[in-house]
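Asker: structure_15.txt is reproduced below (compact mmCIF, C-alpha atoms and all ligand atoms).
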# COMPACT_ATOMS: atom_id res chain seq x y z
CA MET W 4 25.28 44.56 -11.19
CA PHE W 5 26.45 43.42 -7.76
CA LYS W 6 24.35 41.37 -5.35
CA ILE W 7 24.09 41.16 -1.57
CA ALA W 8 24.45 38.10 0.65
CA PRO W 9 23.14 39.04 4.12
CA SER W 10 25.05 37.22 6.88
CA ILE W 11 22.86 35.88 9.66
CA LEU W 12 25.76 36.16 12.11
CA SER W 13 24.38 39.48 13.37
CA ALA W 14 20.72 38.37 13.27
CA ASN W 15 18.56 37.53 16.28
CA PHE W 16 19.08 33.76 16.43
CA ALA W 17 15.99 33.30 18.57
CA ARG W 18 13.87 34.65 15.70
CA LEU W 19 15.88 33.48 12.76
CA GLU W 20 12.99 32.71 10.42
CA ASP W 21 11.49 36.19 10.89
CA GLU W 22 14.91 37.77 10.38
CA ILE W 23 15.52 35.84 7.14
CA LYS W 24 12.11 36.83 5.73
CA LYS W 25 13.14 40.48 6.03
CA VAL W 26 15.95 40.05 3.51
CA GLU W 27 14.10 38.00 0.88
CA ILE W 28 14.05 40.88 -1.58
CA PRO W 29 15.40 41.55 -5.10
CA GLY W 30 19.16 42.12 -5.12
CA VAL W 31 19.74 39.46 -2.48
CA GLN W 32 21.30 36.45 -4.17
CA TYR W 33 22.23 34.24 -1.22
CA LEU W 34 21.81 33.97 2.52
CA HIS W 35 25.34 33.86 3.97
CA VAL W 36 25.78 31.35 6.79
CA ASP W 37 28.99 31.54 8.85
CA VAL W 38 30.14 28.23 10.30
CA MET W 39 32.97 28.53 12.85
CA ASP W 40 34.63 25.75 14.84
CA GLY W 41 36.64 27.54 17.53
CA GLN W 42 39.86 26.24 15.95
CA PHE W 43 40.22 27.81 12.54
CA VAL W 44 38.84 30.99 14.10
CA PRO W 45 38.49 31.94 17.78
CA ASN W 46 34.70 31.67 17.82
CA ILE W 47 32.04 28.96 17.58
CA THR W 48 28.75 29.48 15.73
CA ILE W 49 26.46 26.89 14.18
CA GLY W 50 26.56 23.49 12.51
CA ALA W 51 24.67 21.44 9.93
CA PRO W 52 21.44 20.96 11.99
CA VAL W 53 20.87 24.71 12.03
CA VAL W 54 21.61 24.94 8.29
CA LYS W 55 18.98 22.23 7.74
CA ALA W 56 16.41 24.23 9.72
CA ILE W 57 17.27 27.43 7.83
CA LYS W 58 16.88 25.62 4.51
CA LYS W 59 13.26 24.83 5.39
CA ALA W 60 12.62 28.44 6.38
CA THR W 61 13.71 30.21 3.19
CA LYS W 62 13.73 30.05 -0.60
CA LEU W 63 17.02 31.94 -0.73
CA PRO W 64 19.97 29.78 -1.76
CA LEU W 65 22.40 29.16 1.09
CA ASP W 66 26.00 30.38 0.87
CA VAL W 67 27.75 28.35 3.59
CA HIS W 68 31.11 29.82 4.62
CA LEU W 69 33.09 27.13 6.42
CA MET W 70 35.65 28.62 8.80
CA ILE W 71 36.66 25.21 10.07
CA VAL W 72 39.74 23.00 9.97
CA LYS W 73 39.62 19.85 7.86
CA PRO W 74 36.50 20.91 5.93
CA GLU W 75 36.65 17.63 3.98
CA LYS W 76 35.23 15.89 7.06
CA TYR W 77 32.06 17.96 7.07
CA ILE W 78 31.17 19.00 3.54
CA ASP W 79 28.73 16.10 3.07
CA ASP W 80 26.85 17.10 6.22
CA PHE W 81 26.43 20.67 5.02
CA ILE W 82 25.44 19.63 1.51
CA LYS W 83 22.84 17.22 2.92
CA ALA W 84 21.60 20.04 5.14
CA GLY W 85 20.88 22.12 2.04
CA ALA W 86 23.92 24.25 1.21
CA ASP W 87 23.80 25.56 -2.38
CA LEU W 88 27.33 26.96 -2.27
CA VAL W 89 30.03 25.65 0.07
CA THR W 90 33.11 27.82 0.59
CA ILE W 91 36.21 26.44 2.28
CA HIS W 92 39.39 28.27 3.30
CA VAL W 93 42.57 27.63 1.37
CA GLU W 94 44.42 27.76 4.72
CA ALA W 95 42.24 25.03 6.25
CA THR W 96 43.16 21.98 4.21
CA ASN W 97 46.16 20.38 2.52
CA ALA W 98 44.23 19.49 -0.60
CA PRO W 99 41.81 22.27 -1.63
CA ASP W 100 41.48 20.78 -5.13
CA LYS W 101 40.16 17.49 -3.73
CA VAL W 102 37.65 19.23 -1.49
CA ILE W 103 36.49 21.50 -4.32
CA SER W 104 35.99 18.48 -6.59
CA ALA W 105 34.11 16.62 -3.86
CA ILE W 106 31.77 19.58 -3.37
CA LYS W 107 31.14 19.95 -7.12
CA ALA W 108 30.59 16.20 -7.52
CA LYS W 109 27.53 16.60 -5.29
CA GLY W 110 26.06 19.17 -7.66
CA VAL W 111 26.77 22.10 -5.37
CA LYS W 112 28.83 25.21 -6.13
CA ALA W 113 32.30 25.38 -4.59
CA GLY W 114 34.02 28.47 -3.24
CA LEU W 115 37.53 29.13 -1.96
CA SER W 116 38.37 31.82 0.59
CA VAL W 117 41.47 33.61 1.84
CA LYS W 118 42.14 35.43 5.10
CA PRO W 119 43.44 39.01 4.81
CA GLY W 120 47.06 37.92 5.35
CA THR W 121 46.99 35.10 2.81
CA PRO W 122 48.22 36.04 -0.67
CA LEU W 123 46.06 35.44 -3.74
CA GLU W 124 48.81 33.27 -5.24
CA THR W 125 47.86 30.48 -2.83
CA MET W 126 44.67 30.04 -4.87
CA ALA W 127 46.13 30.48 -8.36
CA GLU W 128 46.09 26.80 -9.25
CA TYR W 129 42.38 26.58 -8.41
CA TYR W 130 41.14 29.60 -10.41
CA ASP W 131 39.75 27.46 -13.20
CA ILE W 132 37.94 24.95 -10.99
CA VAL W 133 36.22 27.14 -8.39
CA ASP W 134 32.81 28.75 -8.83
CA LEU W 135 33.55 31.57 -6.40
CA ILE W 136 36.42 33.24 -4.57
CA LEU W 137 35.67 34.84 -1.23
CA VAL W 138 38.07 37.59 -0.22
CA MET W 139 37.96 38.19 3.53
CA THR W 140 38.02 41.92 4.17
CA VAL W 141 38.28 41.48 7.98
CA GLU W 142 39.96 38.74 10.04
CA PRO W 143 37.40 35.93 10.07
CA GLY W 144 35.76 35.15 13.40
CA PHE W 145 33.40 37.95 14.29
CA GLY W 146 30.78 40.24 12.77
CA GLY W 147 30.80 44.00 13.13
CA GLN W 148 34.53 44.58 12.53
CA LYS W 149 36.15 47.39 10.52
CA LEU W 150 37.25 46.88 6.92
CA ILE W 151 40.98 46.21 6.47
CA PRO W 152 41.71 48.77 3.68
CA SER W 153 44.44 46.70 1.95
CA ALA W 154 41.81 44.01 1.28
CA ILE W 155 40.17 46.38 -1.23
CA ASP W 156 43.42 46.33 -3.26
CA LYS W 157 43.31 42.54 -3.08
CA ILE W 158 39.81 42.54 -4.60
CA ARG W 159 41.03 44.87 -7.36
CA GLU W 160 43.97 42.56 -8.06
CA LEU W 161 41.74 39.49 -8.17
CA ARG W 162 39.33 41.23 -10.54
CA LYS W 163 42.24 41.97 -12.90
CA ILE W 164 43.29 38.32 -12.76
CA LYS W 165 39.72 37.21 -13.44
CA ASP W 166 39.23 39.54 -16.40
CA LYS W 167 42.65 38.81 -17.91
CA GLY W 168 42.33 35.03 -17.54
CA LYS W 169 38.60 35.04 -18.45
CA TYR W 170 37.91 32.98 -15.34
CA LYS W 171 34.31 32.24 -14.47
CA PHE W 172 34.53 32.49 -10.66
CA ILE W 173 32.37 35.06 -8.88
CA ILE W 174 34.23 37.48 -6.61
CA GLU W 175 32.66 37.68 -3.16
CA ALA W 176 33.84 40.04 -0.40
CA ASP W 177 33.14 39.46 3.28
CA GLY W 178 33.50 41.72 6.28
CA GLY W 179 33.28 45.35 7.34
CA VAL W 180 30.73 46.51 4.78
CA THR W 181 28.79 49.67 5.59
CA GLU W 182 26.57 52.03 3.63
CA ASP W 183 29.48 54.45 3.46
CA ASN W 184 32.09 52.05 2.10
CA ILE W 185 30.18 49.53 -0.03
CA HIS W 186 31.05 51.51 -3.18
CA GLU W 187 34.73 50.73 -2.52
CA TYR W 188 34.08 46.97 -2.63
CA VAL W 189 31.97 47.25 -5.77
CA GLY W 190 34.37 49.70 -7.41
CA ALA W 191 37.25 47.29 -6.84
CA GLY W 192 35.34 44.56 -8.66
CA ALA W 193 33.47 42.53 -6.04
CA GLU W 194 30.27 41.00 -7.43
CA LEU W 195 28.70 39.53 -4.30
CA ILE W 196 28.93 41.47 -1.05
CA VAL W 197 28.37 39.88 2.34
CA ALA W 198 26.78 42.20 4.89
CA GLY W 199 26.07 41.16 8.47
CA ASN W 200 26.11 44.03 10.89
CA ALA W 201 25.04 46.58 8.26
CA VAL W 202 21.84 44.59 7.73
CA PHE W 203 20.85 42.83 10.94
CA ALA W 204 22.01 45.41 13.47
CA ASP W 205 19.74 47.88 11.68
CA PRO W 206 16.22 48.25 13.10
CA ASN W 207 14.89 47.67 9.57
CA PRO W 208 16.95 45.03 7.74
CA THR W 209 14.82 45.28 4.57
CA GLU W 210 15.53 49.00 4.22
CA ALA W 211 19.17 48.44 5.17
CA VAL W 212 19.63 46.03 2.24
CA LYS W 213 17.90 48.47 -0.13
CA ARG W 214 20.23 51.27 1.00
CA LEU W 215 23.30 49.07 0.52
CA LEU W 216 22.10 48.21 -2.99
CA SER W 217 21.57 51.85 -3.88
CA LYS W 218 24.86 53.03 -2.38
CA GLY W 219 27.03 50.33 -3.92
CA VAL W 220 27.31 52.21 -7.17
CA LYS W 221 28.50 55.80 -7.11
C1 LIG F 301 33.26 36.99 9.70
C2 LIG F 301 32.20 36.41 8.82
C3 LIG F 301 31.36 37.41 8.13
C4 LIG F 301 30.59 38.33 9.04
C5 LIG F 301 30.53 39.64 8.35
O1 LIG F 301 34.18 35.99 10.03
O2 LIG F 301 32.75 35.57 7.81
O3 LIG F 301 30.48 36.79 7.20
O4 LIG F 301 29.29 37.91 9.31
O5 LIG F 301 29.96 40.52 9.24
P1 LIG F 301 30.00 42.08 9.05
O6 LIG F 301 29.29 42.42 7.79
O7 LIG F 301 29.30 42.54 10.27
O8 LIG F 301 31.46 42.49 9.01
ZN ZN F 302 31.37 34.89 6.17
Could I get this structure in the form of structure tokens?
Answerer:
Amino acid sequence: MFKIAPSILSANFARLEDEIKKVEIPGVQYLHVDVMDGQFVPNITIGAPVVKAIKKATKLPLDVHLMIVKPEKYIDDFIKAGADLVTIHVEATNAPDKVISAIKAKGVKAGLSVKPGTPLETMAEYYDIVDLILVMTVEPGFGGQKLIPSAIDKIRELRKIKDKGKYKFIIEADGGVTEDNIHEYVGAGAELIVAGNAVFADPNPTEAVKRLLSKGVK
């Protein structure tokens, strides 16, 4: 059974606590928090102080997606702020294994992510140490973009690798999810689906999550 991680990127930031409450329902496993630095991606969002405030406002575990260069400099800040899962990009650091170990040493789950143009092979040596692999299904940087169709094949490929190698990592997919295409992500083998625009641009985010959950399986 797949789960949803609503991304607050498309929420009303002036009413964040109210927005988060709307998605605290069964089937939602994490709240997805997109951290962007204006360097790794061409957009700037939020930092650790906001994560700390969100942590106080919800019981949902926080899935913190770091789209920042040199994540090793900031992981402690985000863990102290309350991240339950910290995902870094394989493209953002020279030593992903060290950063993954540092995250896990703090008792927090560690994820590794790839941009659409980055091959899965770049993560192969980390398959047995990561808790989660996040496949970007749009170019990271902005919510509300269209799914890049080839990314679905990448999910399918990763799922084969996971099943064959009996790896424990969870497969998360991020970007471009809609009610009409969520079955493609799930069908390809994604287990945790990030949804920003499909949830928070909807007038009723609670119902939007329920619809995504019901439409994920054909
Ligand atoms: C994009 C972010 C995503 C984004 C997804 O860089 O990593 O988490 O919020 O938004 P939607 O679901 O609108 O594509
Ligand atoms: Zn994200």
Asker: Can you build me a table of range 9-61 of chain W residues sitting at most 9 Å from range 128-145 of chain W, with the closest atom pair per residue and its distance in Å to one decimal, using all atoms listed in the file, sorted by chain and residue number, as CSV?
Answerer:
residue,atom,partner,partner_atom,distance
W:Leu12,CA,W:Phe145,CA,8.1
W:Asp37,CA,W:Gly144,CA,8.9
W:Met39,CA,W:Gly144,CA,7.2
W:Gly41,CA,W:Gly144,CA,8.7
W:Phe43,CA,W:Gly144,CA,8.6
W:Val44,CA,W:Gly144,CA,5.2
W:Pro45,CA,W:Gly144,CA,6.1
W:Asn46,CA,W:Gly144,CA,5.7
W:Ile47,CA,W:Gly144,CA,8.3
Asker: What's around Ser10 in chain W at 6 Å? Count all atoms listed in the file, leave out sequence neighbours fewer than 3 positions away in its own chain, and write the answer as a list of chain:residue names.
Answerer: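 What passes the distance filter is W:His35, W:Val36, W:Ala198, W:Gly199.
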Asker: Rounded to one decimal place, report the CA of Pro122 in chain W-CA of Ile158 in chain W distance in Å.
Answerer: 11.3 Å
Asker: How many Å separate CA of His186 in chain W from CA of Leu215 in chain W?
Answerer: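 Going from CA of His186 in chain W over to CA of Leu215 in chain W covers 8.9 Å.
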Asker: State, in Å with one decimal place, the distance from CA of Lys62 in chain W to CA of Lys76 in chain W.
Answerer: 26.9 Å
Asker: Can you tell me which residues surround Ile23 in chain W at a distance of at most 12 Å, considering all atoms listed in the file, apart from same-chain residues fewer than 5 positions away, and format the answer as a PyMOL selection string?
Answerer: chain W and resi 8-18+28+31+33-36+56-65+199+202-203+208-209
Asker: Do a neighbour search on Ile196 in chain W at 6 Å with only C-alpha atoms, toss out local chain neighbours closer than 3 positions, and write the hits as a list in words.
Answerer: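 Close residues of Ile196 in chain W: Ile7, Ala8, Glu175 and Ala176 of chain W.
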Asker: Go through W:Val53, W:Asn97, W:Val26, W:Gly85 and flag the residue nearest Lys73 in chain W, using only C-alpha atoms for the distances.
Answerer: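 Looking at the shortest contact to Lys73 in chain W, the residue is W:Asn97.
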Asker: Which residue is closest to Ile174 in chain W? Choose from W:Val54, W:Lys6, W:Lys221, W:Pro119 and count only C-alpha atoms.
Answerer: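 Going through W:Val54, W:Lys6, W:Lys221, W:Pro119 one by one, the smallest distance to Ile174 in chain W is for W:Lys6.
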Asker: Just the residues within 7 Å of Ile185 in chain W, please, counting all atoms listed in the file, with nothing from its chain fewer than 3 positions along; format it as a list in words.
Answerer: Val180, Thr181, Glu182, Tyr188, Val189, Leu215, Lys218 and Gly219 of chain W
Asker: Mind rebuilding range 61-72 of chain W with all heavy atoms and writing that out as a PDB file, in the frame of the given file?
Answerer:
ATOM      1  N   THR W  61      13.506  29.179   4.217  1.00  0.00           N
ATOM      2  CA  THR W  61      13.710  30.210   3.190  1.00  0.00           C
ATOM      3  C   THR W  61      13.845  29.618   1.791  1.00  0.00           C
ATOM      4  O   THR W  61      14.264  28.467   1.639  1.00  0.00           O
ATOM      5  CB  THR W  61      14.980  31.047   3.494  1.00  0.00           C
ATOM      6  OG1 THR W  61      15.105  32.088   2.500  1.00  0.00           O
ATOM      7  CG2 THR W  61      16.247  30.207   3.494  1.00  0.00           C
ATOM      8  N   LYS W  62      13.513  30.450   0.803  1.00  0.00           N
ATOM      9  CA  LYS W  62      13.730  30.050  -0.600  1.00  0.00           C
ATOM     10  C   LYS W  62      15.072  30.546  -1.093  1.00  0.00           C
ATOM     11  O   LYS W  62      15.527  30.183  -2.167  1.00  0.00           O
ATOM     12  CB  LYS W  62      12.611  30.625  -1.476  1.00  0.00           C
ATOM     13  CG  LYS W  62      11.280  29.937  -1.267  1.00  0.00           C
ATOM     14  CD  LYS W  62      10.357  30.178  -2.486  1.00  0.00           C
ATOM     15  CE  LYS W  62       9.046  29.449  -2.327  1.00  0.00           C
ATOM     16  NZ  LYS W  62       8.183  30.082  -1.285  1.00  0.00           N
ATOM     17  N   LEU W  63      15.702  31.430  -0.317  1.00  0.00           N
ATOM     18  CA  LEU W  63      17.020  31.940  -0.730  1.00  0.00           C
ATOM     19  C   LEU W  63      18.038  30.808  -0.753  1.00  0.00           C
ATOM     20  O   LEU W  63      18.072  29.992   0.163  1.00  0.00           O
ATOM     21  CB  LEU W  63      17.510  33.012   0.247  1.00  0.00           C
ATOM     22  CG  LEU W  63      16.867  34.393   0.198  1.00  0.00           C
ATOM     23  CD1 LEU W  63      17.387  35.244   1.360  1.00  0.00           C
ATOM     24  CD2 LEU W  63      17.135  35.082  -1.135  1.00  0.00           C
ATOM     25  N   PRO W  64      18.895  30.763  -1.775  1.00  0.00           N
ATOM     26  CA  PRO W  64      19.970  29.780  -1.760  1.00  0.00           C
ATOM     27  C   PRO W  64      20.934  30.060  -0.605  1.00  0.00           C
ATOM     28  O   PRO W  64      21.123  31.219  -0.223  1.00  0.00           O
ATOM     29  CB  PRO W  64      20.678  29.988  -3.110  1.00  0.00           C
ATOM     30  CG  PRO W  64      19.798  30.868  -3.915  1.00  0.00           C
ATOM     31  CD  PRO W  64      18.899  31.603  -2.971  1.00  0.00           C
ATOM     32  N   LEU W  65      21.522  29.013  -0.067  1.00  0.00           N
ATOM     33  CA  LEU W  65      22.400  29.160   1.090  1.00  0.00           C
ATOM     34  C   LEU W  65      23.873  29.141   0.701  1.00  0.00           C
ATOM     35  O   LEU W  65      24.358  28.194   0.077  1.00  0.00           O
ATOM     36  CB  LEU W  65      22.124  28.049   2.116  1.00  0.00           C
ATOM     37  CG  LEU W  65      20.691  27.946   2.623  1.00  0.00           C
ATOM     38  CD1 LEU W  65      20.603  26.875   3.716  1.00  0.00           C
ATOM     39  CD2 LEU W  65      20.180  29.287   3.145  1.00  0.00           C
ATOM     40  N   ASP W  66      24.561  30.182   1.097  1.00  0.00           N
ATOM     41  CA  ASP W  66      26.000  30.380   0.870  1.00  0.00           C
ATOM     42  C   ASP W  66      26.671  30.043   2.213  1.00  0.00           C
ATOM     43  O   ASP W  66      26.641  30.833   3.145  1.00  0.00           O
ATOM     44  CB  ASP W  66      26.181  31.853   0.460  1.00  0.00           C
ATOM     45  CG  ASP W  66      27.583  32.408   0.616  1.00  0.00           C
ATOM     46  OD1 ASP W  66      28.526  31.634   0.809  1.00  0.00           O
ATOM     47  OD2 ASP W  66      27.718  33.654   0.538  1.00  0.00           O
ATOM     48  N   VAL W  67      27.208  28.833   2.307  1.00  0.00           N
ATOM     49  CA  VAL W  67      27.750  28.350   3.590  1.00  0.00           C
ATOM     50  C   VAL W  67      29.264  28.547   3.619  1.00  0.00           C
ATOM     51  O   VAL W  67      29.998  27.945   2.838  1.00  0.00           O
ATOM     52  CB  VAL W  67      27.363  26.869   3.819  1.00  0.00           C
ATOM     53  CG1 VAL W  67      28.006  26.359   5.100  1.00  0.00           C
ATOM     54  CG2 VAL W  67      25.844  26.726   3.888  1.00  0.00           C
ATOM     55  N   HIS W  68      29.697  29.425   4.501  1.00  0.00           N
ATOM     56  CA  HIS W  68      31.110  29.820   4.620  1.00  0.00           C
ATOM     57  C   HIS W  68      31.728  29.028   5.770  1.00  0.00           C
ATOM     58  O   HIS W  68      31.476  29.317   6.938  1.00  0.00           O
ATOM     59  CB  HIS W  68      31.146  31.336   4.876  1.00  0.00           C
ATOM     60  CG  HIS W  68      32.513  31.904   5.057  1.00  0.00           C
ATOM     61  ND1 HIS W  68      32.726  33.184   5.527  1.00  0.00           N
ATOM     62  CD2 HIS W  68      33.750  31.392   4.839  1.00  0.00           C
ATOM     63  CE1 HIS W  68      34.023  33.428   5.586  1.00  0.00           C
ATOM     64  NE2 HIS W  68      34.668  32.347   5.187  1.00  0.00           N
ATOM     65  N   LEU W  69      32.514  28.009   5.407  1.00  0.00           N
ATOM     66  CA  LEU W  69      33.090  27.130   6.420  1.00  0.00           C
ATOM     67  C   LEU W  69      34.421  27.667   6.933  1.00  0.00           C
ATOM     68  O   LEU W  69      35.437  27.601   6.231  1.00  0.00           O
ATOM     69  CB  LEU W  69      33.300  25.720   5.840  1.00  0.00           C
ATOM     70  CG  LEU W  69      32.056  24.958   5.408  1.00  0.00           C
ATOM     71  CD1 LEU W  69      32.445  23.573   4.891  1.00  0.00           C
ATOM     72  CD2 LEU W  69      31.057  24.824   6.553  1.00  0.00           C
ATOM     73  N   MET W  70      34.403  28.184   8.151  1.00  0.00           N
ATOM     74  CA  MET W  70      35.650  28.620   8.800  1.00  0.00           C
ATOM     75  C   MET W  70      36.010  27.545   9.803  1.00  0.00           C
ATOM     76  O   MET W  70      35.914  27.724  11.022  1.00  0.00           O
ATOM     77  CB  MET W  70      35.424  29.997   9.454  1.00  0.00           C
ATOM     78  CG  MET W  70      35.375  31.123   8.434  1.00  0.00           C
ATOM     79  SD  MET W  70      34.586  32.608   9.064  1.00  0.00           S
ATOM     80  CE  MET W  70      32.870  32.165   8.803  1.00  0.00           C
ATOM     81  N   ILE W  71      36.386  26.391   9.241  1.00  0.00           N
ATOM     82  CA  ILE W  71      36.660  25.210  10.070  1.00  0.00           C
ATOM     83  C   ILE W  71      37.890  24.487   9.527  1.00  0.00           C
ATOM     84  O   ILE W  71      38.173  24.556   8.330  1.00  0.00           O
ATOM     85  CB  ILE W  71      35.449  24.228  10.076  1.00  0.00           C
ATOM     86  CG1 ILE W  71      35.170  23.639   8.678  1.00  0.00           C
ATOM     87  CG2 ILE W  71      34.193  24.933  10.584  1.00  0.00           C
ATOM     88  CD1 ILE W  71      34.068  22.577   8.653  1.00  0.00           C
ATOM     89  N   VAL W  72      38.616  23.810  10.423  1.00  0.00           N
ATOM     90  CA  VAL W  72      39.740  23.000   9.970  1.00  0.00           C
ATOM     91  C   VAL W  72      39.217  21.689   9.403  1.00  0.00           C
ATOM     92  O   VAL W  72      38.133  21.234   9.745  1.00  0.00           O
ATOM     93  CB  VAL W  72      40.768  22.739  11.105  1.00  0.00           C
ATOM     94  CG1 VAL W  72      41.438  24.039  11.528  1.00  0.00           C
ATOM     95  CG2 VAL W  72      40.120  22.075  12.300  1.00  0.00           C
TER      96      VAL W  72
END
